[in-house]
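*Asks:* To be precise about what I am sending: the file is called upload_37.csv and holds CSV, C-alpha atoms and all ligand atoms.
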chain,number,residue,atom,x,y,z
K,12,MET,CA,140.7,107.4,53.8
K,13,ALA,CA,139.8,107.8,57.5
K,14,GLY,CA,139.1,105.9,60.6
K,15,ILE,CA,136.5,106.1,63.4
K,16,TYR,CA,137.4,105.1,67.0
K,17,ILE,CA,134.6,104.5,69.5
K,18,HIS,CA,135.4,104.5,73.2
K,19,ILE,CA,133.1,102.3,75.3
K,20,PRO,CA,133.9,103.6,78.8
K,21,PHE,CA,132.7,100.7,81.0
K,22,CYS,CA,134.5,97.9,82.8
K,23,LYS,CA,132.8,95.3,85.0
K,24,GLN,CA,135.9,95.6,87.3
K,25,LYS,CA,139.1,97.6,87.0
K,26,CYS,CA,142.4,95.8,86.3
K,27,PHE,CA,145.1,96.8,88.6
K,28,TYR,CA,147.6,98.0,85.9
K,29,CYS,CA,145.2,99.9,83.6
K,30,ASP,CA,144.7,103.7,83.4
K,31,PHE,CA,142.5,103.7,80.2
K,32,TYR,CA,139.5,105.8,81.0
K,33,SER,CA,136.5,103.7,82.2
K,34,THR,CA,133.9,103.6,84.9
K,35,THR,CA,132.4,100.5,86.7
K,36,LEU,CA,129.0,102.2,86.9
K,37,LEU,CA,127.3,100.2,84.1
K,38,LYS,CA,123.8,101.5,85.0
K,39,ASN,CA,124.6,104.5,82.7
K,40,LYS,CA,125.1,102.3,79.7
K,41,PRO,CA,121.7,102.8,77.9
K,42,VAL,CA,121.8,106.6,78.2
K,43,PHE,CA,125.5,106.6,77.2
K,44,VAL,CA,124.7,104.7,74.0
K,45,LYS,CA,122.0,107.3,73.2
K,46,ALA,CA,124.5,110.1,73.7
K,47,LEU,CA,127.2,108.3,71.6
K,48,ASN,CA,124.7,107.9,68.8
K,49,LYS,CA,124.0,111.6,69.0
K,50,GLU,CA,127.7,112.4,68.8
K,51,PHE,CA,128.0,110.6,65.5
K,52,TYR,CA,125.4,113.0,64.1
K,53,LEU,CA,127.0,116.1,65.7
K,54,GLN,CA,130.4,115.1,64.3
K,55,LYS,CA,129.2,114.0,60.9
K,56,ASP,CA,131.2,116.7,59.0
K,57,TYR,CA,134.5,116.1,60.9
K,58,LEU,CA,135.9,113.7,58.3
K,59,LYS,CA,134.5,115.9,55.4
K,60,ASN,CA,134.8,114.0,52.2
K,61,ASN,CA,137.0,111.1,53.4
K,62,CYS,CA,135.6,107.6,53.3
K,63,VAL,CA,135.8,105.6,56.5
K,64,GLU,CA,138.0,102.6,55.9
K,65,THR,CA,138.4,101.4,59.5
K,66,ILE,CA,136.2,101.3,62.6
K,67,TYR,CA,137.6,100.4,66.0
K,68,PHE,CA,135.6,99.7,69.2
K,69,GLY,CA,138.0,100.2,72.1
K,70,GLY,CA,137.7,101.0,75.8
K,71,GLY,CA,137.0,100.2,78.5
K,72,THR,CA,135.1,97.1,77.4
K,73,PRO,CA,133.1,97.1,74.1
K,74,SER,CA,132.0,93.6,74.9
K,75,VAL,CA,129.6,94.9,77.6
K,76,LEU,CA,127.4,96.2,74.7
K,77,THR,CA,124.3,94.2,73.8
K,78,TYR,CA,123.7,93.2,70.2
K,79,ASP,CA,121.0,95.8,69.9
K,80,GLU,CA,123.2,98.6,71.3
K,81,LEU,CA,126.0,97.6,68.9
K,82,MET,CA,123.6,97.6,65.9
K,83,SER,CA,122.2,101.0,66.9
K,84,ILE,CA,125.8,102.3,66.8
K,85,PHE,CA,126.4,100.8,63.3
K,86,ASN,CA,123.2,102.3,62.1
K,87,GLN,CA,124.3,105.8,63.2
K,88,ILE,CA,127.7,105.3,61.6
K,89,TYR,CA,126.3,104.2,58.3
K,90,ASN,CA,123.7,107.0,58.3
K,91,ASN,CA,126.2,109.7,58.9
K,92,PHE,CA,129.5,108.7,57.2
K,93,ASP,CA,130.6,107.2,53.9
K,94,VAL,CA,131.9,103.8,54.8
K,95,VAL,CA,133.9,101.8,52.2
K,96,ASP,CA,132.6,98.4,51.0
K,97,ASN,CA,134.9,96.2,53.1
K,98,PRO,CA,135.9,98.2,56.1
K,99,GLU,CA,138.1,96.7,58.8
K,100,ILE,CA,135.9,96.6,62.0
K,101,THR,CA,137.8,95.7,65.2
K,102,PHE,CA,136.1,95.0,68.4
K,103,GLU,CA,138.0,94.7,71.7
K,104,ALA,CA,136.6,92.0,73.9
K,105,ASN,CA,137.2,90.5,77.3
K,106,PRO,CA,137.3,86.7,77.3
K,107,ASP,CA,134.6,86.3,79.9
K,108,ASP,CA,132.1,88.2,77.8
K,109,LEU,CA,132.7,85.9,74.8
K,110,THR,CA,130.0,83.3,75.3
K,111,ASN,CA,128.8,81.2,72.4
K,112,ASP,CA,125.5,83.2,72.1
K,113,TYR,CA,127.3,86.6,72.3
K,114,LEU,CA,129.8,85.5,69.7
K,115,LYS,CA,127.1,84.4,67.3
K,116,GLU,CA,125.4,87.8,67.6
K,117,LEU,CA,128.8,89.5,67.0
K,118,LYS,CA,129.2,87.4,63.9
K,119,HIS,CA,125.9,88.7,62.6
K,120,SER,CA,127.0,92.3,63.1
K,121,PRO,CA,129.5,93.9,60.7
K,122,VAL,CA,132.4,93.2,63.2
K,123,ASN,CA,135.1,91.3,61.3
K,124,ARG,CA,138.2,91.5,63.6
K,125,LEU,CA,138.4,90.6,67.3
K,126,SER,CA,141.0,91.9,69.7
K,127,ILE,CA,140.8,89.7,72.8
K,128,GLY,CA,142.5,90.8,76.1
K,129,VAL,CA,144.1,87.7,77.4
K,130,GLN,CA,147.1,89.3,79.2
K,131,SER,CA,148.5,86.0,80.5
K,132,PHE,CA,147.7,82.3,80.4
K,133,PHE,CA,148.6,81.8,84.1
K,134,ASP,CA,145.8,82.0,86.7
K,135,ASP,CA,148.1,83.5,89.3
K,136,ASP,CA,149.1,86.4,87.0
K,137,LEU,CA,145.5,87.0,86.1
K,138,LYS,CA,144.5,87.1,89.8
K,139,THR,CA,147.4,89.5,90.6
K,140,MET,CA,146.2,91.8,87.7
K,141,ASN,CA,142.5,91.6,88.9
K,142,ARG,CA,141.3,90.2,85.6
K,143,ARG,CA,137.8,88.7,85.6
K,144,HIS,CA,138.7,85.6,83.7
K,145,ASN,CA,141.0,82.6,84.1
K,146,ALA,CA,143.4,81.1,81.7
K,147,ALA,CA,141.1,78.2,80.6
K,148,GLU,CA,138.3,80.8,79.9
K,149,ALA,CA,140.7,82.8,77.7
K,150,GLU,CA,141.7,79.8,75.6
K,151,ALA,CA,138.0,78.7,75.3
K,152,ALA,CA,137.0,82.2,74.2
K,153,VAL,CA,139.5,82.2,71.4
K,154,LYS,CA,138.4,78.7,70.2
K,155,LEU,CA,134.7,79.6,70.4
K,156,SER,CA,135.4,82.8,68.4
K,157,GLN,CA,137.0,80.6,65.7
K,158,ASP,CA,134.1,78.1,65.8
K,159,VAL,CA,131.6,80.8,65.1
K,160,GLY,CA,133.7,82.0,62.1
K,161,PHE,CA,136.1,84.7,63.3
K,162,HIS,CA,139.4,84.2,61.5
K,163,ASN,CA,141.0,87.6,62.1
K,164,ILE,CA,141.9,87.4,65.8
K,165,SER,CA,144.4,89.4,67.7
K,166,LEU,CA,145.4,88.7,71.3
K,167,ASP,CA,146.8,91.2,73.9
K,168,LEU,CA,149.5,89.8,76.2
K,169,ILE,CA,151.5,91.7,78.8
K,170,TYR,CA,155.2,90.8,79.6
K,171,GLY,CA,157.6,92.2,82.2
K,172,LEU,CA,155.0,91.3,84.9
K,173,PRO,CA,156.2,90.9,88.5
K,174,LYS,CA,157.1,87.3,89.2
K,175,MET,CA,157.2,86.6,85.4
K,176,ASN,CA,160.2,84.9,84.0
K,177,ASN,CA,161.4,84.1,80.5
K,178,GLN,CA,160.1,80.5,80.7
K,179,LYS,CA,156.6,81.6,81.8
K,180,TRP,CA,156.6,84.2,79.0
K,181,LEU,CA,157.6,81.6,76.4
K,182,HIS,CA,154.7,79.4,77.6
K,183,ASN,CA,152.3,82.4,77.1
K,184,LEU,CA,153.6,82.9,73.6
K,185,ASN,CA,153.5,79.2,72.8
K,186,THR,CA,149.9,79.0,74.0
K,187,ALA,CA,148.9,82.0,72.0
K,188,PHE,CA,150.4,80.6,68.8
K,189,ASN,CA,148.9,77.2,69.3
K,190,LEU,CA,145.6,78.9,69.2
K,191,ASN,CA,146.3,79.8,65.5
K,192,ILE,CA,145.9,83.6,65.9
K,193,GLN,CA,146.6,86.1,63.1
K,194,HIS,CA,147.9,89.0,65.2
K,195,LEU,CA,149.5,89.7,68.6
K,196,SER,CA,149.9,92.9,70.6
K,197,ALA,CA,152.5,92.4,73.4
K,198,TYR,CA,153.0,95.2,75.8
K,199,HIS,CA,155.7,95.5,78.5
K,200,LEU,CA,153.9,96.3,81.8
K,201,THR,CA,154.1,100.0,82.6
K,202,TYR,CA,153.3,101.3,86.1
K,203,GLU,CA,150.8,104.1,85.5
K,204,PRO,CA,150.2,106.7,88.2
K,205,LYS,CA,146.8,106.3,90.0
K,206,THR,CA,146.6,102.6,89.3
K,207,VAL,CA,146.7,99.9,92.1
K,208,PHE,CA,149.9,98.5,90.7
K,209,TYR,CA,151.6,101.9,91.0
K,210,ASN,CA,150.6,102.1,94.6
K,211,TYR,CA,151.8,98.5,95.2
K,212,LEU,CA,155.1,99.5,93.6
K,213,LYS,CA,155.4,102.6,95.8
K,214,ASN,CA,154.7,100.6,98.9
K,215,LYS,CA,157.0,97.7,97.8
K,216,ILE,CA,154.1,95.2,97.7
K,217,ILE,CA,155.3,94.2,94.3
K,218,ILE,CA,158.8,94.2,93.0
K,219,PRO,CA,159.3,95.1,89.3
K,220,VAL,CA,161.3,92.8,87.1
K,221,VAL,CA,165.0,93.8,86.7
K,222,GLU,CA,166.0,95.3,83.4
K,223,GLN,CA,167.8,92.2,82.1
K,224,GLU,CA,164.6,90.2,82.6
K,225,SER,CA,162.7,92.8,80.4
K,226,ILE,CA,165.4,92.5,77.8
K,227,ASP,CA,165.3,88.7,77.8
K,228,GLU,CA,161.5,88.6,77.5
K,229,TYR,CA,161.6,91.1,74.7
K,230,ARG,CA,164.2,89.0,72.8
K,231,THR,CA,162.0,85.9,73.4
K,232,LEU,CA,159.1,87.8,71.9
K,233,VAL,CA,161.0,88.9,68.9
K,234,ASN,CA,162.5,85.4,68.2
K,235,LYS,CA,159.3,83.5,68.8
K,236,THR,CA,157.1,85.8,66.6
K,237,LYS,CA,159.7,85.5,63.8
K,238,GLN,CA,159.7,81.7,64.1
K,239,GLU,CA,156.0,81.8,63.7
K,240,GLY,CA,156.2,83.9,60.6
K,241,PHE,CA,154.8,87.0,62.2
K,242,ILE,CA,156.1,90.4,61.1
K,243,HIS,CA,157.2,92.9,63.8
K,244,TYR,CA,155.6,95.9,62.2
K,245,GLU,CA,155.3,98.2,65.3
K,246,ILE,CA,157.1,98.1,68.6
K,247,SER,CA,154.3,96.2,70.4
K,248,ASN,CA,152.5,94.7,67.3
K,249,PHE,CA,153.1,91.6,65.3
K,250,GLY,CA,151.0,90.2,62.5
K,251,LYS,CA,150.9,87.6,59.8
K,252,LYS,CA,151.2,89.1,56.3
K,253,GLY,CA,147.8,90.7,55.4
K,254,PHE,CA,146.7,90.9,59.0
K,255,PHE,CA,148.3,94.0,60.3
K,256,SER,CA,145.8,96.3,62.1
K,257,LYS,CA,144.8,98.7,59.3
K,258,HIS,CA,143.2,101.1,61.9
K,259,ASN,CA,146.4,101.5,63.9
K,260,SER,CA,148.6,101.6,60.8
K,261,ASN,CA,146.5,104.5,59.6
K,262,TYR,CA,147.2,106.3,62.9
K,263,TRP,CA,150.9,105.8,62.4
K,264,ARG,CA,150.6,107.0,58.8
K,265,GLN,CA,149.0,110.2,60.0
K,266,GLU,CA,145.6,109.5,58.4
K,267,LYS,CA,142.6,111.4,59.7
K,268,TYR,CA,140.4,109.8,62.4
K,269,LEU,CA,137.4,110.7,64.5
K,270,GLY,CA,137.2,109.5,68.1
K,271,VAL,CA,133.7,109.4,69.7
K,272,GLY,CA,132.9,108.8,73.4
K,273,PRO,CA,134.5,110.1,76.5
K,274,SER,CA,138.3,110.5,76.4
K,275,ALA,CA,138.4,109.7,72.6
K,276,HIS,CA,140.9,111.7,70.5
K,277,SER,CA,140.4,112.9,67.0
K,278,PHE,CA,143.0,114.1,64.4
K,279,ASN,CA,142.6,115.9,61.1
K,280,ASN,CA,146.2,116.8,60.2
K,281,THR,CA,146.1,120.4,61.4
K,282,SER,CA,144.5,119.9,64.8
K,283,ARG,CA,143.9,117.4,67.5
K,284,GLN,CA,141.0,117.2,69.9
K,285,TRP,CA,140.0,115.1,72.9
K,286,ASN,CA,136.7,114.5,74.6
K,287,VAL,CA,136.1,115.0,78.3
K,288,LYS,CA,137.2,112.0,80.4
K,289,ASP,CA,134.0,111.8,82.4
K,290,THR,CA,131.0,109.8,81.3
K,291,ASP,CA,128.4,111.8,83.2
K,292,LYS,CA,129.7,115.2,81.9
K,293,TYR,CA,130.0,113.7,78.4
K,294,ILE,CA,126.3,112.6,78.4
K,295,SER,CA,125.0,115.9,79.8
K,296,PHE,CA,126.9,118.0,77.2
K,297,ILE,CA,125.9,115.8,74.3
K,298,GLU,CA,122.3,115.9,75.5
K,299,LYS,CA,122.5,119.7,75.1
K,300,GLU,CA,124.1,119.2,71.6
K,301,ILE,CA,127.4,120.6,72.8
K,302,LEU,CA,130.6,118.7,71.9
K,303,PRO,CA,132.7,118.4,75.1
K,304,TYR,CA,136.2,118.6,73.8
K,305,ASP,CA,139.5,120.5,74.1
K,306,SER,CA,141.7,121.0,71.1
K,307,GLU,CA,145.1,122.2,70.0
K,308,ILE,CA,146.3,123.5,66.7
K,309,LEU,CA,149.3,121.5,65.5
K,310,ASP,CA,152.1,123.9,64.5
K,311,PRO,CA,155.0,122.6,62.4
K,312,GLU,CA,157.1,121.7,65.4
K,313,LYS,CA,154.2,119.6,66.9
K,314,GLN,CA,153.5,118.0,63.5
K,315,TYR,CA,157.1,117.0,63.1
K,316,ASN,CA,157.4,115.6,66.6
K,317,ASP,CA,154.2,113.7,66.2
K,318,TYR,CA,155.4,112.2,63.0
K,319,ILE,CA,158.7,111.1,64.7
K,320,ILE,CA,156.8,109.5,67.6
K,321,THR,CA,154.5,107.5,65.4
K,322,SER,CA,156.6,106.6,62.4
K,323,LEU,CA,159.8,105.6,64.2
K,324,ARG,CA,157.8,103.0,66.2
K,325,THR,CA,157.0,101.2,62.9
K,326,MET,CA,159.0,99.0,60.5
K,327,TRP,CA,158.4,101.7,57.8
K,328,GLY,CA,160.3,104.3,59.9
K,329,VAL,CA,160.9,108.0,59.2
K,330,ASP,CA,160.5,108.8,55.5
K,331,LEU,CA,163.1,111.6,54.8
K,332,ASP,CA,161.5,112.5,51.4
K,333,PHE,CA,158.2,113.0,53.2
K,334,LEU,CA,160.0,115.3,55.7
K,335,LYS,CA,161.5,117.3,52.9
K,336,GLU,CA,158.2,117.7,51.1
K,337,LYS,CA,156.2,118.5,54.2
K,338,PHE,CA,158.7,120.7,55.9
K,339,ASN,CA,162.1,121.6,54.3
K,340,GLU,CA,165.7,120.5,53.8
K,341,ARG,CA,166.8,121.9,57.2
K,342,VAL,CA,164.4,119.6,59.0
K,343,VAL,CA,165.9,116.6,57.2
K,344,SER,CA,169.4,117.6,58.1
K,345,TYR,CA,168.5,118.1,61.7
K,346,CYS,CA,166.8,114.7,61.8
K,347,LEU,CA,169.8,113.0,60.2
K,348,LYS,CA,172.3,114.7,62.5
K,349,SER,CA,170.4,113.6,65.6
K,350,ALA,CA,170.1,110.1,64.2
K,351,GLU,CA,173.9,109.8,63.4
K,352,GLN,CA,175.0,108.4,66.7
K,353,TYR,CA,172.2,105.7,66.6
K,354,ILE,CA,173.1,104.7,63.0
K,355,LYS,CA,176.8,104.3,64.1
K,356,THR,CA,175.8,102.1,67.1
K,357,LYS,CA,173.4,100.0,64.9
K,358,ASN,CA,170.3,101.0,66.8
K,359,MET,CA,169.0,102.4,63.6
K,360,ASN,CA,169.4,101.9,59.8
K,361,LEU,CA,169.2,104.3,57.0
K,362,THR,CA,167.7,102.4,54.1
K,363,ASP,CA,166.2,103.9,50.9
K,364,ASN,CA,166.1,107.3,52.6
K,365,HIS,CA,164.1,105.9,55.5
K,366,LEU,CA,165.4,105.9,59.1
K,367,ILE,CA,164.3,102.6,60.7
K,368,LEU,CA,164.9,101.3,64.2
K,369,SER,CA,166.7,97.9,64.5
K,370,GLU,CA,165.4,95.3,66.9
K,371,LYS,CA,168.1,96.5,69.3
K,372,GLY,CA,167.1,100.1,68.8
K,373,MET,CA,163.4,99.3,69.6
K,374,LEU,CA,164.6,98.6,73.2
K,375,ILE,CA,165.6,102.2,73.6
K,376,ALA,CA,163.0,103.7,71.3
K,377,ASP,CA,161.7,106.3,73.7
K,378,LYS,CA,165.2,107.7,74.2
K,379,ILE,CA,165.9,107.8,70.4
K,380,ILE,CA,162.6,109.4,69.7
K,381,SER,CA,163.1,112.2,72.2
K,382,ASP,CA,166.6,112.8,70.8
K,383,LEU,CA,165.1,113.3,67.3
K,384,PHE,CA,162.6,115.8,68.5
K,385,ILE,CA,163.0,119.4,67.3
K,386,ILE,CA,162.6,122.1,70.0
K,387,ASP,CA,163.9,125.0,67.9
K,388,GLU,CA,161.1,126.5,65.8
K,389,GLU,CA,163.7,128.3,63.6
K,390,VAL,CA,164.4,125.1,61.9
K,391,PHE,CA,161.0,125.4,60.2
K,401,LIG,C1,142.0,99.2,76.3
K,401,LIG,S1,142.9,98.0,77.0
K,401,LIG,C2,141.9,96.5,76.8
K,401,LIG,C3,140.7,96.2,76.3
K,401,LIG,C4,139.9,95.2,77.0
K,401,LIG,N1,139.1,95.9,77.9
K,401,LIG,C5,140.6,94.2,77.8
K,401,LIG,O1,140.8,94.3,79.0
K,401,LIG,O2,140.9,93.2,77.2
K,401,LIG,C6,144.1,97.5,75.7
K,401,LIG,C7,145.3,96.7,76.2
K,401,LIG,O3,146.3,97.6,76.7
K,401,LIG,C8,147.2,96.8,77.5
K,401,LIG,N2,147.5,97.6,78.7
K,401,LIG,C9,146.7,98.4,79.4
K,401,LIG,N3,147.4,99.0,80.4
K,401,LIG,C10,148.6,98.5,80.4
K,401,LIG,C11,149.8,98.7,81.2
K,401,LIG,N4,149.8,99.5,82.2
K,401,LIG,N5,150.9,98.1,80.8
K,401,LIG,C12,151.0,97.2,79.7
K,401,LIG,N6,149.9,97.0,79.0
K,401,LIG,C13,148.7,97.6,79.3
K,401,LIG,C14,146.5,95.5,77.8
K,401,LIG,O4,147.1,94.4,77.2
K,401,LIG,C15,145.1,95.7,77.3
K,401,LIG,O5,144.5,94.5,76.8
K,402,LIG,S1,142.4,96.3,80.8
K,402,LIG,FE1,140.4,96.4,79.8
K,402,LIG,S2,139.0,95.5,81.4
K,402,LIG,FE2,140.9,96.0,82.4
K,402,LIG,S3,140.5,98.0,83.3
K,402,LIG,FE3,141.6,98.3,81.3
K,402,LIG,S4,140.0,98.6,79.8
K,402,LIG,FE4,139.0,97.7,81.6
Using C-alpha cells, write down the structure from this file.
Ligand SMILES: C[S@@+](CC[C@H](N)C(=O)[O-])C[C@H]1O[C@@H](n2cnc3c(N)ncnc32)[C@H](O)[C@@H]1O
Ligand code: SF4
*Replies:*
Amino acid sequence: MAGIYIHIPFCKQKCFYCDFYSTTLLKNKPVFVKALNKEFYLQKDYLKNNCVETIYFGGGTPSVLTYDELMSIFNQIYNNFDVVDNPEITFEANPDDLTNDYLKELKHSPVNRLSIGVQSFFDDDLKTMNRRHNAAEAEAAVKLSQDVGFHNISLDLIYGLPKMNNQKWLHNLNTAFNLNIQHLSAYHLTYEPKTVFYNYLKNKIIIPVVEQESIDEYRTLVNKTKQEGFIHYEISNFGKKGFFSKHNSNYWRQEKYLGVGPSAHSFNNTSRQWNVKDTDKYISFIEKEILPYDSEILDPEKQYNDYIITSLRTMWGVDLDFLKEKFNERVVSYCLKSAEQYIKTKNMNLTDNHLILSEKGMLIADKIISDLFIIDEEVF
C-alpha cells in the first residue's frame, strides 16, 4: 500500500506563523496545474506495484483549485497509478474558500475527507495570525461542509498562542467539539525562522507564553479530547475510532509515498527525495521533462533514527520485534538502554515489547527521541 501527497503551493495571503512553502502569486496556477499533471506521468513508476490507498492534498492552500483543475488532477492520478476502490482522499481547505457552491463541487469530486484550517475561534487571534477568515466564517464553513454531506472532517487548531490562556483554549476546544467533528489536529505554536512571528519575537513585539501555560493547555487538550471519546493517537492528532488519518498513519508506519509539487517529499524505504522549493523553477524543469529533486540514500543509521522519530510520536510506539527483524539484537539493546531512564520516570512504558510514550512523556518527546538516536554506526 502507498500514498500520494500533492503540494498546492499557493496562498492568498501568508499567515504570520507559517513556514510551509507557498507563494502568493496565484497567476501561475494554471501553468502550475499543467506541470503537476505532467509530474504524475513522469513519476508513474515510483510506487512500482504498490496500490495507492491514500491521497492527500496539502499546501499551501488546495482550496484555491477550481473544480476543473481538481478533476484534471484526479484524471492524471487514476490514469497513472493503481488506486484502491475506497481510497481515503483528504483535502486541506481554508474556511473562507468553503462556499456552498465550492463545497457542492468538492462533494462531486472523489474527495471524502476535509481538513479545515480554523486555528482559533477568536477573531483577535485570527487577526494577529493574519488569517483571512473570522471565527463566524470558520464555524459556518464546518456546518456548510456537513450540510453538503461531508462527515469525515478534521479541524486544525493552534495552542500556546501569545495572549492565549487556558480558558480561551478550552473555549476553542468546546466550539470545535460542538461542531461534531471526527478528528482534531492541535499544534503548539512554533516560532519558525523567516516568519513574521519569528521577527516579532526577536523584536519583542510579541511575548511567548510561559512554559507552565503551554503545559496547562496541553493538559486541557488531553483531558477534553478524552472526555469527547477521541483517541490521542499521535502527539498532535486526535480522532474518533475509525477516523484516524490513514495517510499520516501510513507515514508513521514507514509505508511508501510519492510527493508531487514543489517542496513535496517522497519515500520508498531505501531513499528519500524532495522537490525544489520554488514554483517557477519547478514548472520550468517539469516542462523540460526533468524531475527537479534532490535525494538521499537512507543508510541503516538514518533508517533507525527515522523510525524512532515517527513511531515514538504515535500511540503504537517503537516495536522492538520490528527493530530486531530489520536491524539486529544490538540495536534493540541500545534502544532499551537509552529508554531505561524514561521508563523509570514514567515518561515511557514498555508494553508487549513496544516502547510507548506516556501523556507526560509526550511533553518532552523531542528530548526523548534525540536520546534514543544512534550515532554510532558500529551498532549496525
Ligand atoms: C499546511 S498548513 C495549513 C493548510 C491550510 N492552508 C490552512 O491554512 O488551513 C497545516 C497546519 O499546520 C499548522 N501550522 C503551520 N505552521 C505552524 C506553526 N508555526 N505552529 C503551529 N502550527 C502550525 C496550522 O494549524 C495549519 O493549519
Ligand atoms: S497556514 Fe495555510 S494559508 Fe496560512 S500560510 Fe500556511 S499554508 Fe498558507
*Asks:* Give the residues close to ligand LIG 402 (chain K), within 9 Å, counting only C-alpha atoms and all ligand atoms; write them as a PDB file with C-alpha atoms, in the coordinates of the input.
*Replies:*
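File produced: pocket23.pdb:
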ATOM      1  CA  PRO K  20     133.900 103.600  78.800  1.00  0.00           C
ATOM      2  CA  PHE K  21     132.700 100.700  81.000  1.00  0.00           C
ATOM      3  CA  CYS K  22     134.500  97.900  82.800  1.00  0.00           C
ATOM      4  CA  LYS K  23     132.800  95.300  85.000  1.00  0.00           C
ATOM      5  CA  GLN K  24     135.900  95.600  87.300  1.00  0.00           C
ATOM      6  CA  LYS K  25     139.100  97.600  87.000  1.00  0.00           C
ATOM      7  CA  CYS K  26     142.400  95.800  86.300  1.00  0.00           C
ATOM      8  CA  PHE K  27     145.100  96.800  88.600  1.00  0.00           C
ATOM      9  CA  TYR K  28     147.600  98.000  85.900  1.00  0.00           C
ATOM     10  CA  CYS K  29     145.200  99.900  83.600  1.00  0.00           C
ATOM     11  CA  ASP K  30     144.700 103.700  83.400  1.00  0.00           C
ATOM     12  CA  PHE K  31     142.500 103.700  80.200  1.00  0.00           C
ATOM     13  CA  TYR K  32     139.500 105.800  81.000  1.00  0.00           C
ATOM     14  CA  SER K  33     136.500 103.700  82.200  1.00  0.00           C
ATOM     15  CA  THR K  34     133.900 103.600  84.900  1.00  0.00           C
ATOM     16  CA  THR K  35     132.400 100.500  86.700  1.00  0.00           C
ATOM     17  CA  GLY K  69     138.000 100.200  72.100  1.00  0.00           C
ATOM     18  CA  GLY K  70     137.700 101.000  75.800  1.00  0.00           C
ATOM     19  CA  GLY K  71     137.000 100.200  78.500  1.00  0.00           C
ATOM     20  CA  THR K  72     135.100  97.100  77.400  1.00  0.00           C
ATOM     21  CA  GLU K 103     138.000  94.700  71.700  1.00  0.00           C
ATOM     22  CA  ALA K 104     136.600  92.000  73.900  1.00  0.00           C
ATOM     23  CA  ASN K 105     137.200  90.500  77.300  1.00  0.00           C
ATOM     24  CA  GLY K 128     142.500  90.800  76.100  1.00  0.00           C
ATOM     25  CA  GLN K 130     147.100  89.300  79.200  1.00  0.00           C
ATOM     26  CA  MET K 140     146.200  91.800  87.700  1.00  0.00           C
ATOM     27  CA  ASN K 141     142.500  91.600  88.900  1.00  0.00           C
ATOM     28  CA  ARG K 142     141.300  90.200  85.600  1.00  0.00           C
ATOM     29  CA  ARG K 143     137.800  88.700  85.600  1.00  0.00           C
TER      30      ARG K 143
END
*Asks:* Using only C-alpha atoms and all ligand atoms, pick whichever of K:Val287, K:Leu109, K:Leu309, K:Leu166 has the shortest atom-to-atom distance to ligand LIG 401 (chain K).
*Replies:* K:Leu166
*Asks:* Do you know which residues are at most 8 Å from Val343 (chain K) counting all atoms listed in the file, after dropping those on the same chain fewer than 4 positions away, and could you put them as a PyMOL selection string?
*Replies:* chain K and resi 331+334-335+339+347
*Asks:* Considering all atoms listed in the file, return as a list in words whatever protein or nucleic-acid residues lie within 8 Å of Pro106 (chain K), sequence-local ones (same chain, fewer than 4 positions apart) excluded.
*Replies:*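 Returned residues: Ile127, Gly128, Val129, His144, Glu148, Ala149, Ala152 and Val153 of chain K.
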*Asks:* Looking at K:Lys154, K:Lys49, K:Lys205, K:Lys118, which one is nearest to ligand LIG 401 (chain K), with distances taken over all atoms listed in the file?
*Replies:* K:Lys205
*Asks:* Calculate how many Å separate CA of Ile375 (chain K) from CA of Glu203 (chain K), rounding to one decimal.
*Replies:* 19.1 Å
*Asks:* At most 10 Å from (149.7, 87.1, 85.8), file frame, all atoms listed in the file: which residues, as a list in words?
*Replies:*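 Using all atoms listed in the file, the matching residues come out as Gln130, Ser131, Phe132, Phe133, Asp134, Asp135, Asp136, Leu137, Lys138, Thr139, Met140, Asn141, Arg142, Asn145, Ala146, Leu168, Ile169, Tyr170, Leu172, Pro173, Lys174, Met175 and Lys179 of chain K.
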*Asks:* Let me make sure I understand: among K:Ala151, K:Ile17, K:Leu366, K:Val271, which one has the smallest atom-to-atom distance to ligand LIG 401 (chain K) if we use all atoms listed in the file?
*Replies:*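 Checking each candidate against ligand LIG 401 (chain K), we get K:Ile17 as the closest.
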*Asks:* Would you please work out which residue, of K:Asn86, K:Asn214, K:Ser256, K:Asn48, is nearest to Leu195 (chain K) when using all atoms listed in the file?
*Replies:* K:Ser256
*Asks:* Can you work out the spacing between CA of Asp387 (chain K) and CA of Ala350 (chain K) in Å, to one decimal?
*Replies:*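 Between CA of Asp387 (chain K) and CA of Ala350 (chain K) the gap is 16.6 Å.
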*Asks:* Figure out the distance between CA of Leu53 (chain K) and CA of Ser282 (chain K), please, to one decimal in Å.
*Replies:*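 Computing the Euclidean distance for CA of Ser282 (chain K) and CA of Leu53 (chain K) yields 17.9 Å.
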*Asks:* Nearest to ligand LIG 401 (chain K) among K:Asn261, K:Asn111, K:Ser196, K:Asn176, with distances taken over all atoms listed in the file: which residue is it?
*Replies:* K:Ser196
*Asks:* Which of these residues is nearest to ligand LIG 401 (chain K), using only C-alpha atoms and all ligand atoms: K:Asp107, K:Glu228, K:Asp332, K:Glu116?
*Replies:*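 Smallest distance to ligand LIG 401 (chain K) is found for K:Asp107.
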*Asks:* Could you pull the residues within 9 Å of Ile84 (chain K), counting all atoms listed in the file, minus those fewer than 2 positions along the same chain, as a ChimeraX atom specification?
*Replies:* /K:44-45,47-48,51,79-82,86-89
*Asks:* Contacts of Asn177 (chain K) at 9 Å or less, counting only C-alpha atoms, minus same-chain residues fewer than 3 places along, as a ChimeraX atom specification?
*Replies:* /K:180-182,224-225,227-228,231
